[in-house]
Amino acid sequence: MTSDRIDELIALAALGELSVEEHDELDDAAHRDQKIGAELDEALAAVAAIQRPYAEEPPPALRSSVLAEITSTPQDLVVDGGVGPASGTAERPAGIIVSFEAEHARRRFRPGLLAAAAVALFFVGGVALVATNDDGSDPISAVIDAPDATVRSLAGEIDGITVIYSASEGALVVEGDGLAVLDDTATYQLWLVGDDGATSVGTFRPDADGAVAQRFADVDPIGFVLGVTQEPAGGSESPTLPILASA
Amino acid sequence: MTALAAVWMPLDRAHPWHHDPIASPRTDHVSLMQRVQAGDDDAFAALYDELAGVVFGAVKRVLRDPAMSEEVTQEVFVEIWRTAARFDPERASVSTWAITMARRRAVDRVRREQSQRDRIERSAAQRAPAGDSTDDTVVASIEAERVARALAELPEEQRVVIEMAFIDGDSHSDIAERLDLPLGTVKGRVRLGLKKLSGKLGAAP
């Protein structure tokens with residue numbers, strides 16, 4: 001990408017006018033080059049500084065309206081660029097400009113992952129998988145596109161695993177890119193870890209390109225740490241160190 | 001490989017708001033954000049009180065319409081609540097994060113609901129804050145003077161575009177049309193202007 005193109009994208013980000021595709025382009029560039037991320041941050045800080053003096057208090061009634069709405073609004077599980085060191089993903093380049101909507105929209109433009117999902121539906125064992133929902137919809141898209149979908153990115157020895165959860169679907173989707181391809185003797189296994197120990201969610205395997213998108217039903221990960229381990233084929237009853245990724 | 005001992009903490013104990021607060025001028029906002037991330041609605045109310053003015057102001061610069069600005073401001077705060085975990089204090093202040101979100105949502109609303117004609121017809125007088133009672137107050141502030149000085153040091157062609165974009169709230173296509181410039185030129189001037197302003201304005205609470 002040329003420096004002119006980077007400047008153009010940063011200008012559009014500052015203007016709040018990035019398209020989803022441009023957002024991804026800038027996100028990728030910033031991910032590859034921290035200097036670009038720093039330049040973006042500086043530009044956004046300058047915009048905020050320009051606008052801060054023009055603060056104007058909204059009508060008082062707005063406060064109660066906002067506070068009422070959040071009581072029925074679930075929070076995302078997202079930890080991309082999250083607060084403080086526990087997120088483990090401080091290098092995430094576009095935490096300022098990435099909204100869940102953008103992430104959500106971006107996922108709709110990743111047919112490769114959905115293709116990987118289709119492969120996974122037929123080749124992964126150990127979990128109950130269905131090709132379509134009763135209404136004929138894609139069960140993975142049903143979670144990803146659910147209005148209450150929330151997302152959490154796992155970090156650790158391996159990167160690139162994201163978990164999307166929908167309470168209304170009662171299911172989560174493990175999505176990943178660039179994962180190490182395992183031979184037939186091994187599998188990845190996802191765990192929910194709480195005070196009482198670890199509970200297996202299920203096993204998953206990336207396709208030949210290292211991609212995976214797999215749905216696990218009847219799961220509620222709220223309040224648990226998510227962890228991924230490598231286990232013998234078929235999975236294990238308890239997780240085996242090292243923890244490859246967690247959040 | 002060894003079997004996993006019970007070394008993982010539940011999510012809420014693993015989160016950093018149980019750690020010592022980060023010592024910085026933004027500690028209060030960051031601390032509030034950390035509590036918001038934990039689902040603390042009292043902290044969110046406090047954060048609202050801190051940021052409502054800058055968010056509403058940023059939105060209104062773009063939308064002008066007070067009722068629509070209220071709606072979008074509410075959307076911004078709900079998004080802040082919902083996506084609090086995305087905030088990274090190493091990258092931006094809380095207010096920068098919120099203002100960025102506000103601007104983007106306001107622009108989205110303009111795209112959806114305002115015609116190009118409405119945008120062009122807005123009076124150039126709207127730029128000057130002195131006629132507005134609220135703006136009378138803020139322009140007198142140190143922050144406003146600092147911004148005004150920094151803007152005044154920009155080359156004229158960059159200053160005009162920056163003011164139109166971030167004080168008038170114009171989109172870059174509006175600016176291109178009003179100034180009869182190519183879109184690329186407008187974006188280039190925005191970028192150059194912001195680069196020069198970055199060093200002068202820096203981070204703020």
# chains A, B, ... in the order shown; residues from 1 in each chain; ligands from 1

call {"tool": "residues_around", "arguments": {"residues": "A:Ala49", "least_positions_apart": "6", "cutoff": "12 Å", "atoms": "only C-alpha atoms", "output": "MDAnalysis selection string"}}
result
(chainID A and resid 14 42:43 55) or (chainID B and resid 54 58 92:93 95:100 142:148 150:151 166:167 194 197:205)

call {"tool": "residues_around", "arguments": {"residues": "stretch 222-235 of chain A", "least_positions_apart": "2", "cutoff": "6 Å", "atoms": "only C-alpha atoms", "output": "list in words"}}
result
Thr185, Ala186, Thr187, Tyr188, Gln189, Leu190, Trp191, Leu192, Val193, Gly194, Asp220, Ile243, Leu244, Ala245, Ser246 and Ala247 of chain A; Pro10 and Leu11 of chain B

call {"tool": "atom_distance", "arguments": {"atom1": "atom CA of B:Asp168", "atom2": "atom CA of B:Arg61"}}
result
5.8 Å
